[in-house]
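This is entry.tsv (TSV, C-alpha atoms).
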chain	number	residue	atom	x	y	z
A	1	MET	CA	22.94	-3.55	-24.92
A	2	ASP	CA	24.85	-0.34	-25.61
A	3	VAL	CA	28.21	0.34	-24.03
A	4	ALA	CA	30.15	3.59	-24.23
A	5	ASP	CA	33.60	3.85	-25.76
A	6	PRO	CA	36.03	2.69	-23.05
A	7	ALA	CA	37.96	5.93	-23.46
A	8	SER	CA	34.97	7.87	-22.20
A	9	ARG	CA	34.92	5.70	-19.09
A	10	THR	CA	38.46	6.52	-18.07
A	11	GLU	CA	38.60	8.10	-14.64
A	12	LEU	CA	39.98	11.59	-14.76
A	13	GLY	CA	43.31	12.25	-13.16
A	14	PRO	CA	43.74	14.03	-9.82
A	15	MET	CA	44.51	17.37	-11.49
A	16	ASP	CA	41.32	17.34	-13.50
A	17	SER	CA	37.79	18.03	-12.42
A	18	PRO	CA	36.17	15.34	-10.20
A	19	SER	CA	35.35	12.05	-11.90
A	20	PRO	CA	31.94	12.08	-13.48
A	21	ILE	CA	29.21	9.90	-12.03
A	22	ARG	CA	29.00	6.83	-14.21
A	23	VAL	CA	25.45	5.82	-14.98
A	24	VAL	CA	23.82	2.80	-16.59
A	25	ILE	CA	20.28	3.20	-17.89
A	26	ALA	CA	18.04	0.13	-18.02
A	27	ASP	CA	14.73	0.55	-19.79
A	28	ASP	CA	13.10	-1.42	-22.58
A	29	HIS	CA	12.08	1.72	-24.49
A	30	THR	CA	14.91	2.95	-26.72
A	31	ILE	CA	13.58	6.46	-27.12
A	32	PHE	CA	13.23	6.83	-23.37
A	33	ARG	CA	16.81	5.65	-22.86
A	34	LYS	CA	18.16	8.03	-25.49
A	35	GLY	CA	16.18	10.92	-24.03
A	36	LEU	CA	17.43	10.19	-20.55
A	37	ARG	CA	20.99	9.91	-21.81
A	38	SER	CA	20.68	13.37	-23.40
A	39	VAL	CA	19.31	14.83	-20.19
A	40	LEU	CA	22.11	13.38	-18.09
A	41	GLU	CA	24.93	14.15	-20.47
A	42	ALA	CA	23.82	17.76	-20.66
A	43	GLU	CA	25.25	17.87	-17.13
A	44	THR	CA	29.02	17.58	-17.03
A	45	GLU	CA	28.95	15.57	-13.83
A	46	PHE	CA	27.35	12.52	-15.45
A	47	VAL	CA	28.46	10.09	-18.07
A	48	VAL	CA	26.18	7.33	-19.32
A	49	VAL	CA	28.42	4.31	-19.69
A	50	GLY	CA	25.84	1.80	-20.84
A	51	GLU	CA	22.26	1.08	-21.75
A	52	ALA	CA	20.32	-2.10	-21.11
A	53	ALA	CA	16.96	-3.15	-22.47
A	54	ASP	CA	16.08	-5.66	-19.75
A	55	GLY	CA	17.02	-6.73	-16.25
A	56	GLU	CA	19.47	-9.39	-17.32
A	57	GLN	CA	21.47	-6.94	-19.43
A	58	ALA	CA	21.37	-4.43	-16.57
A	59	VAL	CA	22.93	-6.91	-14.16
A	60	GLU	CA	25.56	-7.86	-16.70
A	61	LEU	CA	26.44	-4.23	-17.46
A	62	CYS	CA	26.74	-3.47	-13.75
A	63	ARG	CA	29.07	-6.41	-13.34
A	64	VAL	CA	31.28	-5.39	-16.28
A	65	LEU	CA	31.16	-1.61	-16.13
A	66	GLN	CA	30.90	-1.07	-12.36
A	67	PRO	CA	28.83	2.10	-12.70
A	68	HIS	CA	28.14	4.32	-9.73
A	69	VAL	CA	24.42	4.48	-10.43
A	70	LEU	CA	21.91	2.23	-12.16
A	71	LEU	CA	18.67	3.83	-13.33
A	72	LEU	CA	16.43	0.81	-13.48
A	73	ASP	CA	12.99	0.57	-15.02
A	74	LEU	CA	10.67	-1.51	-12.88
A	75	VAL	CA	8.66	-3.10	-15.68
A	76	MET	CA	10.62	-4.67	-18.51
A	77	PRO	CA	10.15	-7.77	-20.62
A	78	GLY	CA	12.14	-10.80	-19.54
A	79	GLN	CA	13.85	-10.14	-16.26
A	80	SER	CA	12.01	-7.28	-14.55
A	81	GLY	CA	13.61	-4.45	-12.64
A	82	MET	CA	12.67	-6.09	-9.33
A	83	ASP	CA	14.28	-9.37	-10.46
A	84	ALA	CA	17.42	-7.48	-11.43
A	85	LEU	CA	17.43	-5.73	-8.09
A	86	ALA	CA	17.16	-9.08	-6.32
A	87	GLU	CA	20.10	-10.39	-8.32
A	88	LEU	CA	22.19	-7.30	-7.69
A	89	ALA	CA	21.41	-7.64	-3.98
A	90	THR	CA	23.27	-10.94	-3.91
A	91	SER	CA	26.20	-9.78	-6.02
A	92	PRO	CA	29.22	-7.85	-4.81
A	93	THR	CA	28.53	-5.10	-7.37
A	94	PRO	CA	28.48	-1.85	-5.38
A	95	VAL	CA	25.97	0.01	-7.54
A	96	ARG	CA	23.40	2.47	-6.23
A	97	THR	CA	20.13	1.65	-7.91
A	98	ILE	CA	17.33	4.11	-8.50
A	99	LEU	CA	14.07	2.60	-9.69
A	100	LEU	CA	12.35	4.51	-12.46
A	101	THR	CA	8.70	3.74	-12.72
A	102	ALA	CA	5.42	5.04	-14.07
A	103	GLY	CA	3.71	3.90	-10.88
A	104	ILE	CA	4.45	1.68	-7.93
A	105	GLU	CA	2.57	0.14	-5.02
A	106	LYS	CA	3.71	0.91	-1.50
A	107	ALA	CA	4.50	-2.73	-0.88
A	108	GLU	CA	6.77	-2.74	-3.94
A	109	ILE	CA	8.65	0.30	-2.63
A	110	VAL	CA	9.25	-1.49	0.64
A	111	LYS	CA	10.39	-4.61	-1.20
A	112	ALA	CA	12.69	-2.56	-3.44
A	113	LEU	CA	14.29	-0.85	-0.45
A	114	GLN	CA	14.74	-4.19	1.27
A	115	LEU	CA	16.49	-5.43	-1.87
A	116	GLY	CA	18.87	-2.51	-1.67
A	117	ALA	CA	17.35	0.12	-3.94
A	118	ALA	CA	18.69	3.54	-3.08
A	119	GLY	CA	15.82	5.47	-4.57
A	120	VAL	CA	12.52	5.48	-6.39
A	121	VAL	CA	11.69	8.15	-8.95
A	122	LEU	CA	8.53	8.44	-10.97
A	123	LYS	CA	8.98	8.77	-14.71
A	124	SER	CA	6.62	11.71	-14.60
A	125	ALA	CA	8.99	13.59	-12.25
A	126	PRO	CA	10.83	16.69	-13.54
A	127	THR	CA	14.32	15.96	-14.80
A	128	ASP	CA	15.93	18.18	-12.15
A	129	LEU	CA	14.36	15.92	-9.52
A	130	LEU	CA	15.99	12.89	-11.13
A	131	ILE	CA	19.33	14.68	-11.11
A	132	LYS	CA	18.86	15.60	-7.44
A	133	SER	CA	18.01	11.99	-6.68
A	134	ILE	CA	21.25	10.79	-8.27
A	135	ARG	CA	23.27	13.32	-6.29
A	136	SER	CA	21.46	12.25	-3.12
A	137	VAL	CA	22.13	8.55	-3.54
A	138	MET	CA	25.76	9.34	-4.41
A	139	ALA	CA	25.91	11.17	-1.07
A	140	GLY	CA	24.80	7.98	0.63
A	141	GLN	CA	21.17	8.96	1.10
A	142	HIS	CA	17.97	7.30	0.01
A	143	TRP	CA	15.63	9.14	-2.30
A	144	ILE	CA	11.92	8.54	-2.21
A	145	GLY	CA	9.55	11.11	-3.63
A	146	ARG	CA	8.54	13.34	-0.74
A	147	GLU	CA	4.83	12.71	-1.28
A	148	ALA	CA	5.42	9.03	-0.95
A	149	VAL	CA	7.21	9.10	2.36
A	150	SER	CA	4.14	9.07	4.58
A	151	ASP	CA	2.71	6.26	2.45
A	152	LEU	CA	5.95	4.42	2.85
A	153	VAL	CA	5.97	4.76	6.62
A	154	GLN	CA	2.44	3.37	6.62
A	155	ALA	CA	3.49	0.48	4.40
A	156	LEU	CA	6.43	-0.30	6.68
A	157	ARG	CA	4.14	-0.25	9.70
A	158	GLU	CA	1.72	-2.60	7.99
A	159	GLN	CA	4.51	-4.93	7.06
A	160	MET	CA	5.88	-4.90	10.59
A	161	ALA	CA	2.38	-5.60	11.86
A	162	ALA	CA	2.16	-8.58	9.55
A	163	SER	CA	5.63	-9.93	10.25
A	164	PRO	CA	5.97	-13.28	12.02
A	165	GLU	CA	8.24	-11.71	14.65
A	166	LYS	CA	5.28	-9.70	15.86
A	167	PRO	CA	4.53	-10.12	19.55
A	168	ALA	CA	1.57	-12.22	20.57
A	169	ARG	CA	-1.73	-10.86	19.37
A	170	LYS	CA	-3.65	-8.61	21.67
A	171	ARG	CA	-6.66	-10.36	23.08
A	172	PHE	CA	-7.87	-7.43	25.17
A	173	GLY	CA	-8.46	-9.75	28.12
A	174	LEU	CA	-11.28	-11.53	26.35
A	175	SER	CA	-12.24	-14.96	27.66
A	176	ALA	CA	-12.54	-17.90	25.29
A	177	ARG	CA	-16.32	-17.54	25.39
A	178	GLU	CA	-16.07	-13.84	24.57
A	179	VAL	CA	-13.83	-14.56	21.59
A	180	GLU	CA	-16.39	-17.13	20.47
A	181	ILE	CA	-19.17	-14.56	20.70
A	182	THR	CA	-17.06	-11.94	18.93
A	183	SER	CA	-16.50	-14.38	16.11
A	184	ALA	CA	-20.22	-14.98	15.86
A	185	VAL	CA	-20.91	-11.23	15.76
A	186	VAL	CA	-18.36	-10.71	13.00
A	187	SER	CA	-19.94	-13.58	11.10
A	188	GLY	CA	-23.16	-11.63	11.13
A	189	LEU	CA	-25.19	-13.61	13.67
A	190	SER	CA	-27.86	-11.83	15.68
A	191	ASN	CA	-27.97	-12.12	19.49
A	192	ARG	CA	-30.75	-14.66	19.22
A	193	GLU	CA	-28.79	-16.77	16.75
A	194	ILE	CA	-25.69	-16.62	18.93
A	195	ALA	CA	-27.74	-17.67	21.95
A	196	ARG	CA	-29.13	-20.62	20.03
A	197	LYS	CA	-25.77	-21.61	18.61
A	198	LEU	CA	-23.98	-21.52	21.98
A	199	SER	CA	-26.93	-22.80	24.04
A	200	LEU	CA	-27.10	-19.60	26.08
A	201	SER	CA	-29.91	-17.27	26.96
A	202	GLU	CA	-30.18	-14.09	24.94
A	203	ASP	CA	-29.63	-12.07	28.15
A	204	THR	CA	-26.36	-13.90	28.74
A	205	VAL	CA	-25.23	-13.09	25.21
A	206	LYS	CA	-26.09	-9.42	25.78
A	207	HIS	CA	-24.15	-9.48	29.06
A	208	HIS	CA	-21.11	-10.97	27.28
A	209	LEU	CA	-21.40	-8.38	24.53
A	210	THR	CA	-21.43	-5.51	27.02
A	211	ASN	CA	-18.19	-6.87	28.49
A	212	ILE	CA	-16.68	-7.37	25.02
A	213	PHE	CA	-17.50	-3.82	23.94
A	214	ASP	CA	-15.98	-2.48	27.17
A	215	LYS	CA	-12.79	-4.51	26.83
A	216	MET	CA	-12.32	-3.75	23.14
A	217	GLY	CA	-13.35	-0.12	23.39
A	218	ALA	CA	-15.84	-0.67	20.60
A	219	SER	CA	-19.11	1.18	20.45
A	220	ASN	CA	-21.06	-0.94	17.98
A	221	ARG	CA	-20.91	-4.24	16.11
A	222	LEU	CA	-19.32	-2.68	13.04
A	223	GLU	CA	-16.46	-1.29	15.09
A	224	LEU	CA	-16.13	-4.58	16.96
A	225	ALA	CA	-15.81	-6.43	13.63
A	226	LEU	CA	-13.20	-3.97	12.38
A	227	PHE	CA	-11.18	-4.19	15.61
A	228	ALA	CA	-11.37	-7.98	15.55
A	229	VAL	CA	-10.03	-8.13	12.00
A	230	HIS	CA	-7.42	-5.45	12.61
A	231	HIS	CA	-6.05	-7.22	15.72
A	232	ARG	CA	-6.40	-10.66	14.09
A	233	LEU	CA	-8.44	-11.71	17.05
A	234	LEU	CA	-10.26	-14.46	15.22
A	235	GLU	CA	-7.33	-16.19	13.52
B	1	MET	CA	-12.59	17.33	24.98
B	2	ASN	CA	-11.16	18.11	21.58
B	3	GLU	CA	-12.15	16.61	18.23
B	4	ALA	CA	-9.13	14.33	18.05
B	5	SER	CA	-10.02	12.60	21.28
B	6	THR	CA	-13.61	11.92	20.21
B	7	ARG	CA	-12.93	10.85	16.63
B	8	ALA	CA	-13.48	7.16	15.99
B	9	PRO	CA	-10.12	5.42	15.49
B	10	ARG	CA	-9.31	4.79	11.84
B	11	LEU	CA	-7.95	1.37	11.06
B	12	PRO	CA	-5.72	0.79	8.03
B	13	LEU	CA	-7.57	-2.33	6.92
B	14	LYS	CA	-7.02	-3.22	3.29
B	15	LEU	CA	-10.47	-4.57	2.56
B	16	GLN	CA	-12.16	-4.93	-0.78
B	17	LEU	CA	-15.40	-3.06	-1.17
B	18	ARG	CA	-18.06	-2.43	-3.74
B	19	TYR	CA	-20.25	0.60	-3.93
B	20	ARG	CA	-22.95	2.19	-6.02
B	21	PRO	CA	-25.07	5.30	-5.82
B	22	VAL	CA	-28.41	4.51	-4.20
B	23	GLY	CA	-30.79	3.40	-6.95
B	24	ALA	CA	-28.05	2.59	-9.44
B	25	ALA	CA	-27.70	-0.91	-10.84
B	26	ARG	CA	-23.97	-1.05	-11.41
B	27	TRP	CA	-21.48	-1.72	-8.65
B	28	HIS	CA	-17.99	-0.21	-8.67
B	29	GLU	CA	-14.91	-1.75	-7.13
B	30	GLY	CA	-12.76	-0.06	-4.50
B	31	ARG	CA	-10.11	-0.75	-1.91
B	32	VAL	CA	-10.32	0.51	1.65
B	33	GLU	CA	-7.48	2.72	2.77
B	34	ASN	CA	-8.76	3.23	6.28
B	35	ILE	CA	-12.04	2.72	8.07
B	36	SER	CA	-13.74	3.54	11.34
B	37	ARG	CA	-17.19	2.90	12.76
B	38	SER	CA	-18.36	6.17	11.23
B	39	GLY	CA	-16.57	6.47	7.93
B	40	VAL	CA	-14.46	4.89	5.26
B	41	LEU	CA	-11.78	6.20	2.92
B	42	PHE	CA	-11.29	4.13	-0.19
B	43	ARG	CA	-9.51	4.24	-3.53
B	44	THR	CA	-11.40	3.69	-6.74
B	45	ALA	CA	-11.23	4.48	-10.41
B	46	ASP	CA	-14.90	5.55	-10.47
B	47	LEU	CA	-15.71	8.71	-8.59
B	48	VAL	CA	-19.17	9.87	-7.56
B	49	ALA	CA	-20.18	13.35	-6.50
B	50	VAL	CA	-19.88	14.69	-2.99
B	51	ASP	CA	-23.16	14.39	-1.04
B	52	GLU	CA	-24.22	11.41	-3.14
B	53	GLN	CA	-25.86	8.66	-1.08
B	54	VAL	CA	-24.21	5.32	-1.73
B	55	GLU	CA	-24.54	1.69	-0.75
B	56	ILE	CA	-21.26	0.08	0.24
B	57	THR	CA	-20.57	-3.60	0.79
B	58	LEU	CA	-17.47	-4.58	2.72
B	59	LEU	CA	-16.05	-8.07	2.64
B	60	ILE	CA	-14.78	-9.02	6.10
B	61	PRO	CA	-12.55	-12.09	6.33
B	62	VAL	CA	-13.59	-14.42	9.16
B	63	GLN	CA	-11.30	-17.42	9.50
B	64	LEU	CA	-11.88	-19.47	6.35
B	65	SER	CA	-15.07	-17.68	5.44
B	66	ALA	CA	-16.18	-14.09	5.11
B	67	SER	CA	-19.05	-11.91	6.09
B	68	VAL	CA	-20.45	-8.97	4.24
B	69	ILE	CA	-21.34	-5.67	5.86
B	70	VAL	CA	-23.77	-3.58	3.89
B	71	CYS	CA	-23.59	0.14	4.66
B	72	ARG	CA	-25.55	3.20	3.68
B	73	ALA	CA	-23.21	6.16	3.45
B	74	ARG	CA	-22.82	9.65	2.09
B	75	ILE	CA	-19.81	10.77	0.08
B	76	VAL	CA	-18.21	13.64	1.98
B	77	ARG	CA	-14.96	14.18	0.15
B	78	THR	CA	-13.02	13.26	-2.96
B	79	ILE	CA	-9.26	12.79	-2.82
B	80	LEU	CA	-7.03	13.42	-5.80
B	81	PRO	CA	-4.29	10.97	-6.73
B	82	GLY	CA	-0.99	11.89	-5.14
B	83	GLY	CA	2.50	10.52	-4.77
B	84	PHE	CA	2.55	6.90	-5.74
B	85	GLU	CA	-1.21	6.50	-5.37
B	86	LYS	CA	-2.54	6.62	-8.90
B	87	ARG	CA	-6.22	6.27	-8.12
B	88	PRO	CA	-8.40	8.99	-6.69
B	89	GLY	CA	-10.25	8.33	-3.48
B	90	LEU	CA	-13.60	8.87	-1.82
B	91	ALA	CA	-14.37	9.47	1.82
B	92	ALA	CA	-17.80	8.37	2.95
B	93	SER	CA	-19.68	8.88	6.17
B	94	ILE	CA	-21.50	5.72	7.26
B	95	SER	CA	-25.05	6.37	8.47
B	96	ARG	CA	-26.22	2.79	8.99
B	97	TYR	CA	-25.09	-0.76	8.37
B	98	ARG	CA	-26.15	-4.36	8.65
B	99	PHE	CA	-24.34	-7.67	8.52
B	100	ARG	CA	-25.12	-10.11	5.77
B	101	ARG	CA	-23.82	-13.60	6.18
B	102	GLY	CA	-21.99	-15.51	3.44
B	103	LYS	CA	-19.21	-14.48	1.17
B	104	ASP	CA	-21.31	-13.77	-1.89
B	105	GLY	CA	-20.92	-10.18	-2.94
B	106	PRO	CA	-23.59	-8.03	-4.52
Using the file provided, produce a representation of the structure as structure tokens.
Amino acid sequence: MDVADPASRTELGPMDSPSPIRVVIADDHTIFRKGLRSVLEAETEFVVVGEAADGEQAVELCRVLQPHVLLLDLVMPGQSGMDALAELATSPTPVRTILLTAGIEKAEIVKALQLGAAGVVLKSAPTDLLIKSIRSVMAGQHWIGREAVSDLVQALREQMAASPEKPARKRFGLSAREVEITSAVVSGLSNREIARKLSLSEDTVKHHLTNIFDKMGASNRLELALFAVHHRLLE
Amino acid sequence: MNEASTRAPRLPLKLQLRYRPVGAARWHEGRVENISRSGVLFRTADLVAVDEQVEITLLIPVQLSASVIVCRARIVRTILPGGFEKRPGLAASISRYRFRRGKDGP
């Protein structure tokens, strides 16, 4: 854990230029940390006040140094970036955290935002983008790579769809018998097998299927299966 | 009627799939990004050429079991990795399919 000389952390007086943005870098790769420090300190508006090599150190540095921004690697030995984020979420430390990552799943972005991350930046991003992201989060905004936003919206929608607060499942007006037949179709049974299984005539099964396709708006068995899974009709 | 109103609805179902070029022995793994009755877009590390005919097997969860849908399809498009999606993708047009019971994959 590296900490800057306290003198360099002193807030500038009112007659001086605005206080620099105090940054902590958390990444397990020393060379990456040093490189990032050089990039940031080439800009007069930033001062790197500490470096951490894992999530635990990052949380501790945030507690002690009260930086404005934490640049947090997602994958680190010991306590991961996500673990650190979870811990920071429950602490009173008012730090804006930007996740730095080589790659991230949509669900992880959603989780990170729910835990209070202010931004996500890929390590492959240009340095000026990282600097813009820090300025953005300091201005109270969230920063997610533009290309990821549509993915993120999709991920949020999926998560909302899967949440327990979701309204009752759509059943498309299907009767219990029709749900039973839909389940049999999705399981791969033929009309004849369904008829045998449910003690119905094959014509009756076909009649039910016509109604099911109409109600679901499906045009074939494949689409019916996909709709049934999508709307969790068979759960 | 415009194209948008006639296009089969795409569902964002995150299903596992396997695929292989017709005649090939080895199956590749993929993950569905969205799917309709006529096509599927999936992410995979193993690309095949556009216009290649492929067999695709989809694993459909049904309560505590699963059914397998075996499709014949043609690759119509490749999608480069972008944003936070690190794997390229393939879009395939489904020409025919059949259900196969049981959860055993290919």
Give me, as a ChimeraX atom specification, the contact residues of chain B against chain A at a cut-off of 12 Å, counting all atoms listed in the file.
/B:8-15,32-40,58-71,81-87,94-103
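If all atoms listed in the file are the atoms counted, then among A:Gly119, A:Lys34, A:Asp203, A:Ser124 the closest residue to Gly140 (chain A) is A:Gly119.
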All residues 12 Å or closer to Leu200 (chain A), all atoms listed in the file, same chain fewer than 6 positions away omitted, as a PyMOL selection string:
chain A and resi 177+181+191-194+206-208
Of the candidates A:Val48, A:Pro67, A:Asp73, A:Leu61, which shows the shortest atom-to-atom distance to Phe32 (chain A), using all atoms listed in the file?
A:Asp73
Would you pick out the contacts of region 48-54 of chain B at 6 Å or less, using only C-alpha atoms, so that residues sharing its chain but fewer than 2 positions from it are not included, and give the list as a ChimeraX atom specification?
/B:20-22,72-77
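Our summary of the geometry notes that CA of Gly116 (chain A) is positioned 21.5 Å from CA of Pro77 (chain A).
From CA of Ala45 (chain B) back to CA of Arg18 (chain B), the distance works out to 11.8 Å.
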Which distance in Å separates CA of Glu178 (chain A) and CA of Ser201 (chain A), to one decimal?
14.5 Å
Using only the atoms of region 137-143 of chain A listed in the file, plus 3 Å on each side, state the axis-aligned box centre and edge lengths in Å rounded to one decimal, as lines of an AutoDock Vina configuration file.
center_x = 20.8
center_y = 9.2
center_z = -1.7
size_x = 16.3
size_y = 9.9
size_z = 11.5
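Proximity of A:Ala86, A:Ala42, A:Ala52, A:Val205 to Thr182 (chain A), computed with all atoms listed in the file, is greatest for A:Val205.
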